[in-house]
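Here's the structure we're looking at; comments come further down.
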Amino acid sequence: MSDTWIILGATSAIARAFMRDRAETGATLILCGRDMDDMKASAADLHARGAADVHVMALDVRNAKTFTPILDLAANQHGMLNAAVFTGSMPDQAVIDADPSLIDGVIMDSFTGPAQFLQRLAPMMEVRGGGAVVGVGSVAGDRGRLGNYVYGAAKAGFATYMSGLRNRLGRSGVHVMTVKPGPVDTAMTWGLDSMPFMTTPDAAAHDISKGLRKGRNVIYTAGIWRLVMLVIRNVPEPIFKKLSI
Amino acid sequence: MTWKTCTYSGWGRALTATGDIARPERASVLAKLPAAPAIGNKRSYGDAPLNNNGRVIDMTRLDRVLDFDAATGVVTVESGLTIGELARLFAPKGWLPPVMPGTGFATIGGCIAMDVHGKNHHHIGSFGQHVTAITLLQNGKQRRITPKDDTLWRATIGGLGQTGVIVNTSIQMLACKGDVMMVTERRVDGWDEHIVQLDASQASYTVGWIDATARGDALGRGILEEGETGAGLVPKPNPSKSVPFNAPHFALSKPIVRAFNAAYFRRVPSDGRTVVKPIQDFFFPLDRIHDWNKLYGKRGFHQFQCVVPLDQADALRAMLEKIANSGLASPLAVLKRMGEGRAGYLSFPMEGYTLAVDFPNRAAACELIGELEDMTTSAGGRLYLAKDALATPEQMAAMYPELPAWQKAVTKADPTGALATDMTRRLNLRNT
Ligand SMILES: Cc1cc2nc3c(=O)[nH]c(=O)nc-3n(C[C@H](O)[C@H](O)[C@H](O)COP(=O)(O)OP(=O)(O)OC[C@H]3O[C@@H](n4cnc5c(N)ncnc54)[C@H](O)[C@@H]3O)c2cc1C
Ligand SMILES: NC(=O)c1ccc[n+]([C@@H]2O[C@H](COP(=O)([O-])OP(=O)(O)OC[C@H]3O[C@@H](n4cnc5c(N)ncnc54)[C@H](OP(=O)(O)O)[C@@H]3O)[C@@H](O)[C@H]2O)c1
C-alpha cells in the first residue's frame with residue numbers, strides 16, 4: 001500500500017522537484033492547483049518516474065469550495081495521508097503600496113487558504129494516526145523587512161499556524177514540518193537582483209525529504225539560512241528599523 | 001520577472017554574450033514569449049547557444065516526460081529534459097536513448113538541433129534518425145512535424161534551432177538488456193593499430209581515446225573501449241565532484257598533461273581488461289567532474305572536431321601529427337569511426353573517422369586550429385558546429401553542400417531572422 005501525498009500548489013518548481021522525489025518512492029500523488037494543463041504534464045512525468053497513481057485536481061486556495069473534491073478523494077485513499085503546501089504569491093511591495101487591497105490575496109495564498117484546507121484535513125489524519133504535513137513558509141516570515149513585509153507577514157502567520165498544528169497533530173503521530181527557504185532559483189526569483197545563498201529547487205526538495213526522514217520540526221533551505229536568520233532576528237529593533245536588507 | 005540580463009557562454013567559455021534570458025517553467029509561459037532562439041544546457045562549445053545583445057529562451061525547466069508507450073518504446077518528452085535523465089529513468093525499464101553524446105547534460109532540444117552522434121554511430125546513425133515527431137513553436141503557433149514534412153524536418157534536425165523552438169519530441173528508444181555496461185578496454189600502441197582496431201570492432205559501442213601528446217612511433221596510442229549493455233548489480237555511480245573556481249595556468253601545463261596521459265594509458269593492463277560499469281560512467285565519463293571546463297581558467301578552451309572520409313585516414317594522421325608536435329593539445333582526444341547516418345541538411349556525420357581534441361584558448365592554438373580546419377576542407381571532411389568557435393563562412397559553404405537547401409527552409413520558417421544567433425551571424429549561415 002503506497003503513501004498518498006496531497007500537493008497544494010503543484011505547479012511550483014519546488015513542488016515539481018519534491019513530487020519527483022516522492023514518485024521515485026512509489027507514492028500516490030494528488031496534484032492540486034490552478035494550471036490544469038501544466039499539472040497534466042507533471043502527472044505524466046510522475047507516472048514515468050514511478051508514482052503508483054497520480055490525480056490532478058483543480059484548487060484555488062482562495063476558494064474553499066474547491067477543497068471538497070480533493071478532501072473526498074483523499075478520504076478514499078488507503079494508507080497514510082500526507083500533505084505538502086507550496087502555495088504563495090509575492091507581488092512587488094510597490095504594487096501593494098499602490099493597491100493595499102491586494103494584501104488579502106497575499107495572506108490567503110500563503111496562509112489562510114492552505115490553513116483552511118489543512119484544518120479540514122487534520123481530523124482525517126488524526127484518525128489514521130500517522131503521515132506528515134509539510135508547510136513551505138519563507139525566511140521572509142522571520143522578520144518584517146522593507147522589501148516584502150506583506151508577503152513576510154503572511155509567511156509568519158503560516159509559520160505560527162504550522163507550529164500550532166504540530167502541537168496538535170504530534171499527539172496523533174503526525175509529523176508536521178515547517179520549511180523556510182531562503183532564495184530558490186525559480187520563476188519567482190528569476191531576474192530579481194542577485195541574492196545570497198541561492199539554492200535550487202532540486203536541492204530544496206532534497207532538504208525537505210531529508211527533514212522528513214529525520215523527523216525535523218523546522219528546517220531552513222539552504223541550511224545556512226538558519227544561522228543568517230538567527231543573526232537577523234537578534235538585531236535590536238532600534239538598529240533594525242534603520243537597515244534596508 | 002520574464003527576462004534576466006546575463007553574461008553567458010558555451011562550454012568552451014572562449015566566447016561570451018550578454019543579453020536577456022527567459023526561463024519558462026511551463027508551456028503556457030513559453031507560448032506567450034516573443035520569438036527568440038531556444039537554448040539548452042549550453043554544452044555546445046562555441047557560440048551556437050549565444051545571442052549577444054539579444055534574447056534567448058532557456059528551455060531547461062521544461063523537462064518532463066509526457067508519454068511512454070511500453071509496448072513500442074516511443075517516449076514523448078519536453079525538450080529541456082537532459083539525455084542523462086532520460087537514460088537514468090528508462091534504462092531500468094529496458095530502454096535507452098538510441099544515441100547519447102559524451103555528456104548527459106545535453107538536452108533533447110540540443111541533441112536534435114545538433115543531430116548528435118554517439119559511440120554507436122557506425123551501427124545506428126545519428127540522434128535525429130530516431131526522432132519520430134517534433135512539436136515546434138513558430139511565431140507563437142505550435143506545429144507538429146514528422147519526417148514526412150521533408151524540408152522543414154531536415155532543416156530542423158541539426159538545424160541550430162533556426163526553424164523554431166523545439167517544444168516536445170517523440171523518440172524511438174532502443175531496447176537494452178539492462179542498466180549496466182560490460183566494457184572491454186585495450187591498449188593500442190599507435191595510429192595504424194588504432195585505425196585497424198576501430199575498423200574491426202564488432203561491439204555495439206566503440207570509442208578510441210587518444211593521447212594527443214604522444215609523438216613519433218607512439219603517435220595515436222591510446223585505449224580502445226568497447227561496450228555492450230547488460231543486466232546485473234554494480235556499485236552505485238560515484239557522486240560527481242565540482243571544480244569550484246577557475247584553475248591556475250599550471251594545472252594544464254605540459255608536464256602535468258603528459259603525466260596524466262601516461263597514467264591514463266597505463267591504468268589498463270597490457271593485456272586489456274573487461275569491467276562492469278554503471279551506464280552513466282561509460283557514456284558520460286567527463287560528467288563526473290562538474291564544471292570541468294573551469295580547469296582551463298578564465299580564457300576558456302576550444303575543441304576541434306572534424307570528420308574525414310574513410311579514404312582520408314592519412315590526412316587525419318597528418319593532423320594528429322601536427323597537433324602532437326605542437327605541444328598545445330590537452331589530455332585525452334577522441335577518435336571514432338562514423339557511419340553514414342545523418343538526418344538533417346547541416347548534420348555533422350559522414351562515413352569516415354572523427355577526431356576531437358581540446359586546446360586551451362591561446363593565440364598559437366587558434367592559429368593551429370585554423371590550419372587543421374583547412375586540412376579538413378582539403379580532405380573533403382567537415383567541422384562539427386557543436387564544437388566550433390573559429391571557422392569562417394567560406395569553410396562552411398564548402399563543407400556543407402546542402403547549406404542552400406537549409407537556408408531556403410529556414411527563411412520560410414523564420415522570415416524575420418528572429419532566431420538568429422551569434423553562430424549563424426559569425427558563419428553567415430543564413431546568408432543575410
Ligand atoms: C563533454 C562533452 C561531450 C560531448 N560529446 C558529444 C558527442 O559525443 N557527440 C555529439 O554529437 N556531441 C557531443 N557534445 C556536444 C553536445 O552534445 C551538443 O553541443 C548538444 O547540442 C548540447 O546540448 P545543449 O542542450 O547543451 O544545447 P545548447 O548547447 O544549449 O544548444 C545547442 C544548439 O541547439 C539549439 N537548441 C537547444 N535547445 C533547443 C530547443 N529546445 N529548440 C530549438 N533549438 C534548441 C541552440 O539554439 C543551439 O543552436 C559534447 C559536449 C560536451 C560538453
Ligand atoms: N523561490 C523562492 O525564492 C522562495 C523563497 C522562499 C519561499 N518560497 C515559497 O516557496 C513556495 C513555492 O514557490 P516557487 O518559488 O516554486 O514559486 P511559484 O512557482 O510562484 O509557486 C507558487 C505556487 O503557488 C500557487 N498559488 C498561488 N496562489 C494560489 C492560489 N490562490 N490557489 C492555488 N495555488 C496558488 C501557484 O500556482 P499558479 O501556478 O496557479 O500560479 C504556484 O504553484 C511558495 O510558497 C513561495 O512563497 C519561495
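Residue names in the C-alpha cells use chain letters A, B, ... in the order shown, residue numbers from 1 in each chain, and ligand numbers from 1 in the order shown.
For chain B, the residues close to chain A, meaning within 8 Å and counting only C-alpha atoms, are Met1, Thr2, Trp3, Lys4, Thr5, Arg23, Pro24, Glu25, Arg26, Ala27, Ser28, Arg64, Val65, Leu66, Asp67, Phe68 and Leu89 of chain B.
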Distance query Met36 in chain A at most 8 Å, only C-alpha atoms, self and fewer than 4 positions along chain excluded, as a ChimeraX atom specification: /A:40,56-58
Let's have the selection written as a short mmCIF file (atom, residue, chain, number, x, y, z; two decimals), in the first residue's frame, with all heavy atoms.
data_model
loop_
_atom_site.label_atom_id
_atom_site.label_comp_id
_atom_site.auth_asym_id
_atom_site.auth_seq_id
_atom_site.Cartn_x
_atom_site.Cartn_y
_atom_site.Cartn_z
N LYS A 40 -1.27 18.35 -15.76
CA LYS A 40 -1.38 17.11 -16.56
C LYS A 40 0.00 16.68 -17.06
O LYS A 40 0.32 15.50 -17.07
CB LYS A 40 -2.34 17.31 -17.72
CG LYS A 40 -3.79 17.13 -17.30
CD LYS A 40 -4.74 17.28 -18.47
CE LYS A 40 -6.13 17.65 -17.95
NZ LYS A 40 -6.84 18.57 -18.85
N VAL A 56 -5.10 14.69 -10.77
CA VAL A 56 -4.97 16.14 -10.97
C VAL A 56 -6.27 16.80 -10.55
O VAL A 56 -7.35 16.44 -11.04
CB VAL A 56 -4.66 16.44 -12.45
CG1 VAL A 56 -4.75 17.94 -12.71
CG2 VAL A 56 -3.28 15.92 -12.82
N MET A 57 -6.21 17.74 -9.62
CA MET A 57 -7.42 18.36 -9.07
C MET A 57 -7.31 19.88 -9.12
O MET A 57 -6.26 20.45 -8.83
CB MET A 57 -7.60 17.94 -7.60
CG MET A 57 -7.68 16.44 -7.36
SD MET A 57 -9.17 15.68 -8.08
CE MET A 57 -10.41 16.26 -6.95
N ALA A 58 -8.43 20.52 -9.48
CA ALA A 58 -8.45 21.99 -9.51
C ALA A 58 -8.48 22.53 -8.08
O ALA A 58 -9.28 22.07 -7.26
CB ALA A 58 -9.67 22.48 -10.28
#
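Our summary of the geometry notes that CA of Val167 in chain B is positioned 10.1 Å from CA of Gln138 in chain B.
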Contacts to ligand 2 at 6 Å cut-off (only C-alpha atoms and all ligand atoms) as number ranges by chain: A: 9-14, 33-35, 59-62, 86-89, 109, 136-138, 181-189
Could you take the residues named above and write them with C-alpha atoms, as an mmCIF file, in the first residue's frame?
data_model
loop_
_atom_site.group_PDB
_atom_site.id
_atom_site.type_symbol
_atom_site.label_atom_id
_atom_site.label_comp_id
_atom_site.auth_asym_id
_atom_site.auth_seq_id
_atom_site.Cartn_x
_atom_site.Cartn_y
_atom_site.Cartn_z
ATOM 1 C CA GLY A 9 0.474 24.446 -5.432
ATOM 2 C CA ALA A 10 1.668 21.560 -7.630
ATOM 3 C CA THR A 11 2.777 23.929 -10.397
ATOM 4 C CA SER A 12 5.566 25.412 -8.290
ATOM 5 C CA ALA A 13 9.081 24.465 -9.335
ATOM 6 C CA ILE A 14 9.978 23.403 -5.808
ATOM 7 C CA GLY A 33 -3.522 23.830 -8.391
ATOM 8 C CA ARG A 34 -4.863 26.234 -10.977
ATOM 9 C CA ASP A 35 -2.985 25.441 -14.190
ATOM 10 C CA LEU A 59 -7.594 24.093 -6.474
ATOM 11 C CA ASP A 60 -7.778 27.795 -5.752
ATOM 12 C CA VAL A 61 -6.803 28.265 -2.131
ATOM 13 C CA ARG A 62 -8.826 31.496 -2.122
ATOM 14 C CA PHE A 86 3.720 25.163 -1.762
ATOM 15 C CA THR A 87 1.194 27.920 -2.480
ATOM 16 C CA GLY A 88 2.191 31.524 -2.057
ATOM 17 C CA SER A 89 2.391 34.755 -4.028
ATOM 18 C CA ASP A 109 -2.365 32.372 -0.897
ATOM 19 C CA VAL A 136 6.567 25.859 2.960
ATOM 20 C CA GLY A 137 6.964 29.263 4.544
ATOM 21 C CA SER A 138 9.908 31.558 3.971
ATOM 22 C CA PRO A 181 13.532 28.521 2.169
ATOM 23 C CA GLY A 182 15.947 31.333 1.528
ATOM 24 C CA PRO A 183 16.068 32.373 -2.129
ATOM 25 C CA VAL A 184 15.401 29.493 -4.515
ATOM 26 C CA ASP A 185 16.207 29.658 -8.208
ATOM 27 C CA THR A 186 12.654 29.517 -9.581
ATOM 28 C CA ALA A 187 10.360 31.696 -11.686
ATOM 29 C CA MET A 188 9.533 33.639 -8.511
ATOM 30 C CA THR A 189 13.098 34.963 -8.205
#
Tell me, counting only C-alpha atoms and all ligand atoms, for each residue of chain B within 8 Å of ligand 1, which pair of atoms is nearest and how far apart they are in Å to one decimal, in rows ordered by chain and increasing number, as a tab-separated table.
residue	atom	partner	partner_atom_place_in_ligand_line	distance
B:Gly10	CA	ligand 1	29 (O)	6.5
B:Trp11	CA	ligand 1	53 (C)	5.8
B:Pro37	CA	ligand 1	47 (O)	5.5
B:Ala38	CA	ligand 1	45 (C)	4.7
B:Ile39	CA	ligand 1	37 (C)	3.9
B:Gly40	CA	ligand 1	30 (O)	3.4
B:Asn41	CA	ligand 1	26 (O)	3.5
B:Lys42	CA	ligand 1	30 (O)	3.2
B:Arg43	CA	ligand 1	26 (O)	3.4
B:Ser44	CA	ligand 1	19 (O)	3.3
B:Tyr45	CA	ligand 1	19 (O)	6.5
B:Ala48	CA	ligand 1	49 (O)	4.2
B:Pro49	CA	ligand 1	48 (C)	4.3
B:Leu50	CA	ligand 1	47 (O)	7.6
B:Asp58	CA	ligand 1	38 (N)	7.7
B:Met59	CA	ligand 1	41 (N)	5.8
B:Thr60	CA	ligand 1	25 (O)	7.9
B:Ser79	CA	ligand 1	41 (N)	5.1
B:Gly80	CA	ligand 1	41 (N)	6.2
B:Thr82	CA	ligand 1	25 (O)	7.2
B:Met100	CA	ligand 1	8 (O)	6.9
B:Pro101	CA	ligand 1	7 (C)	3.6
B:Gly102	CA	ligand 1	5 (N)	3.4
B:Thr103	CA	ligand 1	3 (C)	4.5
B:Phe105	CA	ligand 1	26 (O)	6.5
B:Ala106	CA	ligand 1	23 (O)	3.6
B:Thr107	CA	ligand 1	25 (O)	3.6
B:Ile108	CA	ligand 1	25 (O)	6.4
B:Gly109	CA	ligand 1	38 (N)	3.8
B:Gly110	CA	ligand 1	27 (O)	3.6
B:Cys111	CA	ligand 1	21 (O)	4.8
B:Ile112	CA	ligand 1	34 (O)	7.1
B:Ala113	CA	ligand 1	34 (O)	4.4
B:Met114	CA	ligand 1	21 (O)	4.9
B:Asp115	CA	ligand 1	11 (O)	6.7
B:Val116	CA	ligand 1	11 (O)	3.3
B:His117	CA	ligand 1	11 (O)	4.0
B:Gly118	CA	ligand 1	8 (O)	5.0
B:Lys119	CA	ligand 1	8 (O)	6.9
B:Leu136	CA	ligand 1	42 (N)	7.7
B:Gly159	CA	ligand 1	49 (O)	7.3
B:Leu160	CA	ligand 1	49 (O)	3.6
B:Gly161	CA	ligand 1	44 (N)	3.3
B:Gln162	CA	ligand 1	44 (N)	6.9
B:Thr163	CA	ligand 1	43 (C)	7.7
B:Gly164	CA	ligand 1	43 (C)	6.0
B:Val165	CA	ligand 1	42 (N)	3.9
B:Ile166	CA	ligand 1	42 (N)	3.6
B:Val167	CA	ligand 1	41 (N)	5.8
B:Phe284	CA	ligand 1	1 (C)	7.5
B:Leu286	CA	ligand 1	1 (C)	5.9
B:Asp287	CA	ligand 1	1 (C)	6.9
B:Ala386	CA	ligand 1	19 (O)	4.3
B:Lys387	CA	ligand 1	19 (O)	6.7
B:Thr421	CA	ligand 1	47 (O)	7.3
B:Met423	CA	ligand 1	49 (O)	7.9
Which residue of A:Ala98, A:Ile6, A:Met125, A:Met162 approaches Ser110 in chain A most closely, using only C-alpha atoms: A:Met162
Shell of 8 Å around range 202-213 of chain A, only C-alpha atoms, local chain residues under 4 positions omitted, as a VMD selection string: chain A and resid 14 to 15 17 to 18 21 132 175 177 179 181 184 217 219 221 to 222
Strand (DSSP E or B) residues, from DSSP on the backbone, in range 4-227 of chain A, as JSON, numbers by chain: {"A": [4, 5, 6, 7, 8, 28, 29, 30, 31, 32, 33, 53, 54, 55, 56, 57, 58, 81, 82, 83, 84, 85, 132, 133, 134, 135, 136, 175, 176, 177, 178, 179, 180, 181, 184, 199, 218, 219, 220, 221]}
Distance query Gly141 in chain A at most 7 Å, only C-alpha atoms, self and fewer than 6 positions along chain excluded, as a count of residues only: 4
Sel. of alpha helix (DSSP H) residues, chain A, as a PyMOL selection string: chain A and resi 13-24+36-48+67-75+93-98+102-107+113-128+149-169+201-214+224-233+237-240
Two-atom distance - CA of Pro278 in chain B, CA of Ala175 in chain B (Å): 16.7 Å
Long-range neighbours of Met338 in chain B as JSON, numbers by chain, 9 Å cut-off, only C-alpha atoms, 5 positions minimum in chain: {"B": [117, 119, 120, 121, 122, 123, 125, 307, 310, 349, 350, 351, 352, 353, 354]}
Emit the selected residues as a short mmCIF file (atom, residue, chain, number, x, y, z; two decimals), in the first residue's frame, including N, CA, C and O atoms.
data_model
loop_
_atom_site.label_atom_id
_atom_site.label_comp_id
_atom_site.auth_asym_id
_atom_site.auth_seq_id
_atom_site.Cartn_x
_atom_site.Cartn_y
_atom_site.Cartn_z
N HIS B 117 25.71 12.56 -32.29
CA HIS B 117 26.11 11.18 -32.54
C HIS B 117 26.70 10.60 -31.25
O HIS B 117 27.13 11.35 -30.38
N LYS B 119 28.67 6.75 -29.42
CA LYS B 119 29.68 5.72 -29.63
C LYS B 119 29.16 4.58 -30.49
O LYS B 119 29.89 3.64 -30.77
N ASN B 120 27.88 4.63 -30.84
CA ASN B 120 27.29 3.59 -31.69
C ASN B 120 26.91 4.13 -33.06
O ASN B 120 26.09 3.54 -33.75
N HIS B 121 27.49 5.27 -33.45
CA HIS B 121 27.05 5.87 -34.70
C HIS B 121 27.22 4.94 -35.90
O HIS B 121 26.40 4.91 -36.81
N HIS B 122 28.30 4.15 -35.90
CA HIS B 122 28.58 3.27 -37.04
C HIS B 122 27.51 2.21 -37.22
O HIS B 122 27.38 1.62 -38.29
N HIS B 123 26.71 1.95 -36.15
CA HIS B 123 25.63 0.97 -36.30
C HIS B 123 24.27 1.62 -36.52
O HIS B 123 23.46 1.14 -37.28
N GLY B 125 23.45 5.24 -36.47
CA GLY B 125 23.26 6.58 -37.03
C GLY B 125 23.14 7.67 -35.98
O GLY B 125 23.55 7.49 -34.83
N VAL B 307 35.47 15.46 -39.15
CA VAL B 307 35.31 14.10 -39.66
C VAL B 307 35.87 14.10 -41.07
O VAL B 307 35.70 15.09 -41.79
N LEU B 310 36.51 7.89 -45.15
CA LEU B 310 37.32 6.70 -44.83
C LEU B 310 38.67 6.70 -45.52
O LEU B 310 39.70 6.38 -44.91
N PRO B 349 27.64 14.17 -39.22
CA PRO B 349 28.25 12.90 -39.59
C PRO B 349 28.44 12.66 -41.09
O PRO B 349 27.66 13.14 -41.92
N MET B 350 29.48 11.95 -41.42
CA MET B 350 29.68 11.35 -42.74
C MET B 350 30.47 10.08 -42.50
O MET B 350 31.12 9.94 -41.46
N GLU B 351 30.42 9.11 -43.41
CA GLU B 351 31.14 7.88 -43.17
C GLU B 351 32.64 8.19 -43.17
O GLU B 351 33.16 8.77 -44.13
N GLY B 352 33.31 7.83 -42.10
CA GLY B 352 34.73 8.16 -42.02
C GLY B 352 35.21 8.10 -40.58
O GLY B 352 34.67 7.38 -39.75
N TYR B 353 36.26 8.89 -40.31
CA TYR B 353 36.83 8.93 -38.97
C TYR B 353 36.69 10.32 -38.41
O TYR B 353 36.90 11.30 -39.12
N THR B 354 36.35 10.38 -37.13
CA THR B 354 36.25 11.69 -36.50
C THR B 354 37.25 11.79 -35.35
O THR B 354 37.47 10.84 -34.61
#
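Nearest-residue note for Asp271 in chain B: choosing from B:Gln312, B:Gln407, B:Asn139, B:Thr184, the minimum distance belongs to B:Thr184, counting only C-alpha atoms.
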Among the residues B:Ala155, B:Ala418, B:Ala218, B:Val99, the one that comes closest to Ser204 in chain B [using only C-alpha atoms]: B:Val99
Neighbour list for Val308 in chain B as a ChimeraX atom specification, cut-off 12 Å, only C-alpha atoms, skip fewer than 6 positions in-chain: /B:314-317,319,335-340,348-356,372-373,375-384,399
Those residues with C-alpha atoms, as a PDB file, in the first residue's frame please?
ATOM      1  CA  ASP B 314      46.186   9.578 -43.691  1.00  0.00           C
ATOM      2  CA  ALA B 315      45.069  13.195 -43.758  1.00  0.00           C
ATOM      3  CA  LEU B 316      43.745  12.723 -40.245  1.00  0.00           C
ATOM      4  CA  ARG B 317      47.036  11.179 -39.193  1.00  0.00           C
ATOM      5  CA  MET B 319      46.535  16.438 -38.444  1.00  0.00           C
ATOM      6  CA  LEU B 335      38.907   9.018 -32.262  1.00  0.00           C
ATOM      7  CA  LYS B 336      35.813   7.287 -33.604  1.00  0.00           C
ATOM      8  CA  ARG B 337      34.677   5.618 -36.747  1.00  0.00           C
ATOM      9  CA  MET B 338      31.419   7.023 -38.077  1.00  0.00           C
ATOM     10  CA  GLY B 339      28.800   5.536 -40.337  1.00  0.00           C
ATOM     11  CA  GLU B 340      26.786   7.417 -42.941  1.00  0.00           C
ATOM     12  CA  PHE B 348      27.780  16.626 -38.984  1.00  0.00           C
ATOM     13  CA  PRO B 349      28.254  12.896 -39.590  1.00  0.00           C
ATOM     14  CA  MET B 350      29.682  11.351 -42.743  1.00  0.00           C
ATOM     15  CA  GLU B 351      31.145   7.881 -43.166  1.00  0.00           C
ATOM     16  CA  GLY B 352      34.728   8.156 -42.017  1.00  0.00           C
ATOM     17  CA  TYR B 353      36.828   8.926 -38.969  1.00  0.00           C
ATOM     18  CA  THR B 354      36.249  11.693 -36.495  1.00  0.00           C
ATOM     19  CA  LEU B 355      38.861  13.233 -34.232  1.00  0.00           C
ATOM     20  CA  ALA B 356      38.150  15.600 -31.318  1.00  0.00           C
ATOM     21  CA  LEU B 372      43.550  21.980 -39.094  1.00  0.00           C
ATOM     22  CA  GLU B 373      40.332  23.434 -40.483  1.00  0.00           C
ATOM     23  CA  MET B 375      43.343  20.446 -43.800  1.00  0.00           C
ATOM     24  CA  THR B 376      39.822  19.192 -43.055  1.00  0.00           C
ATOM     25  CA  THR B 377      38.412  21.076 -46.028  1.00  0.00           C
ATOM     26  CA  SER B 378      41.117  19.753 -48.364  1.00  0.00           C
ATOM     27  CA  ALA B 379      40.385  16.218 -47.188  1.00  0.00           C
ATOM     28  CA  GLY B 380      36.719  16.619 -48.103  1.00  0.00           C
ATOM     29  CA  GLY B 381      35.732  16.462 -44.453  1.00  0.00           C
ATOM     30  CA  ARG B 382      33.785  18.780 -42.212  1.00  0.00           C
ATOM     31  CA  LEU B 383      33.789  20.541 -38.857  1.00  0.00           C
ATOM     32  CA  TYR B 384      31.234  19.987 -36.108  1.00  0.00           C
ATOM     33  CA  MET B 399      31.840  21.570 -46.056  1.00  0.00           C
TER      34      MET B 399
END
Length of the CA of Ile195 in chain B to CA of Asp281 in chain B vector [Å]: 24.7 Å
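Counting only C-alpha atoms, Arg171 in chain A has the following residues at most 12 Å away, ignoring those fewer than 6 positions along the same chain: Ala122, Met125, Glu126, Val127, Gly129, Gly130, Gly164 and Leu165 of chain A.
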Would you write out those residues with all heavy atoms, as a compact mmCIF listing (two decimals), in the first residue's frame?
# COMPACT_ATOMS: atom_id res chain seq x y z
N ALA A 122 -7.01 17.80 8.85
CA ALA A 122 -6.41 17.34 10.11
C ALA A 122 -7.17 16.18 10.78
O ALA A 122 -6.54 15.19 11.19
CB ALA A 122 -6.25 18.52 11.07
N MET A 125 -6.35 12.88 9.30
CA MET A 125 -5.00 12.41 9.62
C MET A 125 -4.95 11.90 11.06
O MET A 125 -4.27 10.91 11.36
CB MET A 125 -3.97 13.53 9.40
CG MET A 125 -3.90 13.95 7.93
SD MET A 125 -2.57 15.12 7.57
CE MET A 125 -1.12 14.08 7.65
N GLU A 126 -5.68 12.58 11.94
CA GLU A 126 -5.72 12.12 13.33
C GLU A 126 -6.28 10.71 13.43
O GLU A 126 -5.75 9.86 14.15
CB GLU A 126 -6.54 13.10 14.18
CG GLU A 126 -5.74 14.33 14.56
CD GLU A 126 -6.58 15.40 15.24
OE1 GLU A 126 -7.77 15.56 14.89
OE2 GLU A 126 -6.04 16.10 16.10
N VAL A 127 -7.30 10.47 12.66
CA VAL A 127 -7.92 9.13 12.69
C VAL A 127 -6.92 8.07 12.21
O VAL A 127 -6.79 7.01 12.80
CB VAL A 127 -9.19 9.10 11.82
CG1 VAL A 127 -9.67 7.67 11.64
CG2 VAL A 127 -10.27 9.96 12.44
N GLY A 129 -3.75 8.33 12.25
CA GLY A 129 -2.66 8.25 13.21
C GLY A 129 -1.26 8.18 12.63
O GLY A 129 -0.41 7.43 13.10
N GLY A 130 -1.02 8.96 11.58
CA GLY A 130 0.33 8.98 11.01
C GLY A 130 0.37 9.92 9.83
O GLY A 130 -0.55 10.71 9.62
N GLY A 164 1.39 25.55 15.69
CA GLY A 164 0.23 25.08 16.45
C GLY A 164 -0.27 23.74 15.96
O GLY A 164 -0.64 22.85 16.74
N LEU A 165 -0.28 23.58 14.64
CA LEU A 165 -0.74 22.32 14.05
C LEU A 165 0.16 21.16 14.50
O LEU A 165 -0.31 20.04 14.76
CB LEU A 165 -0.74 22.44 12.53
CG LEU A 165 -1.44 21.33 11.74
CD1 LEU A 165 -2.95 21.35 12.00
CD2 LEU A 165 -1.17 21.45 10.24
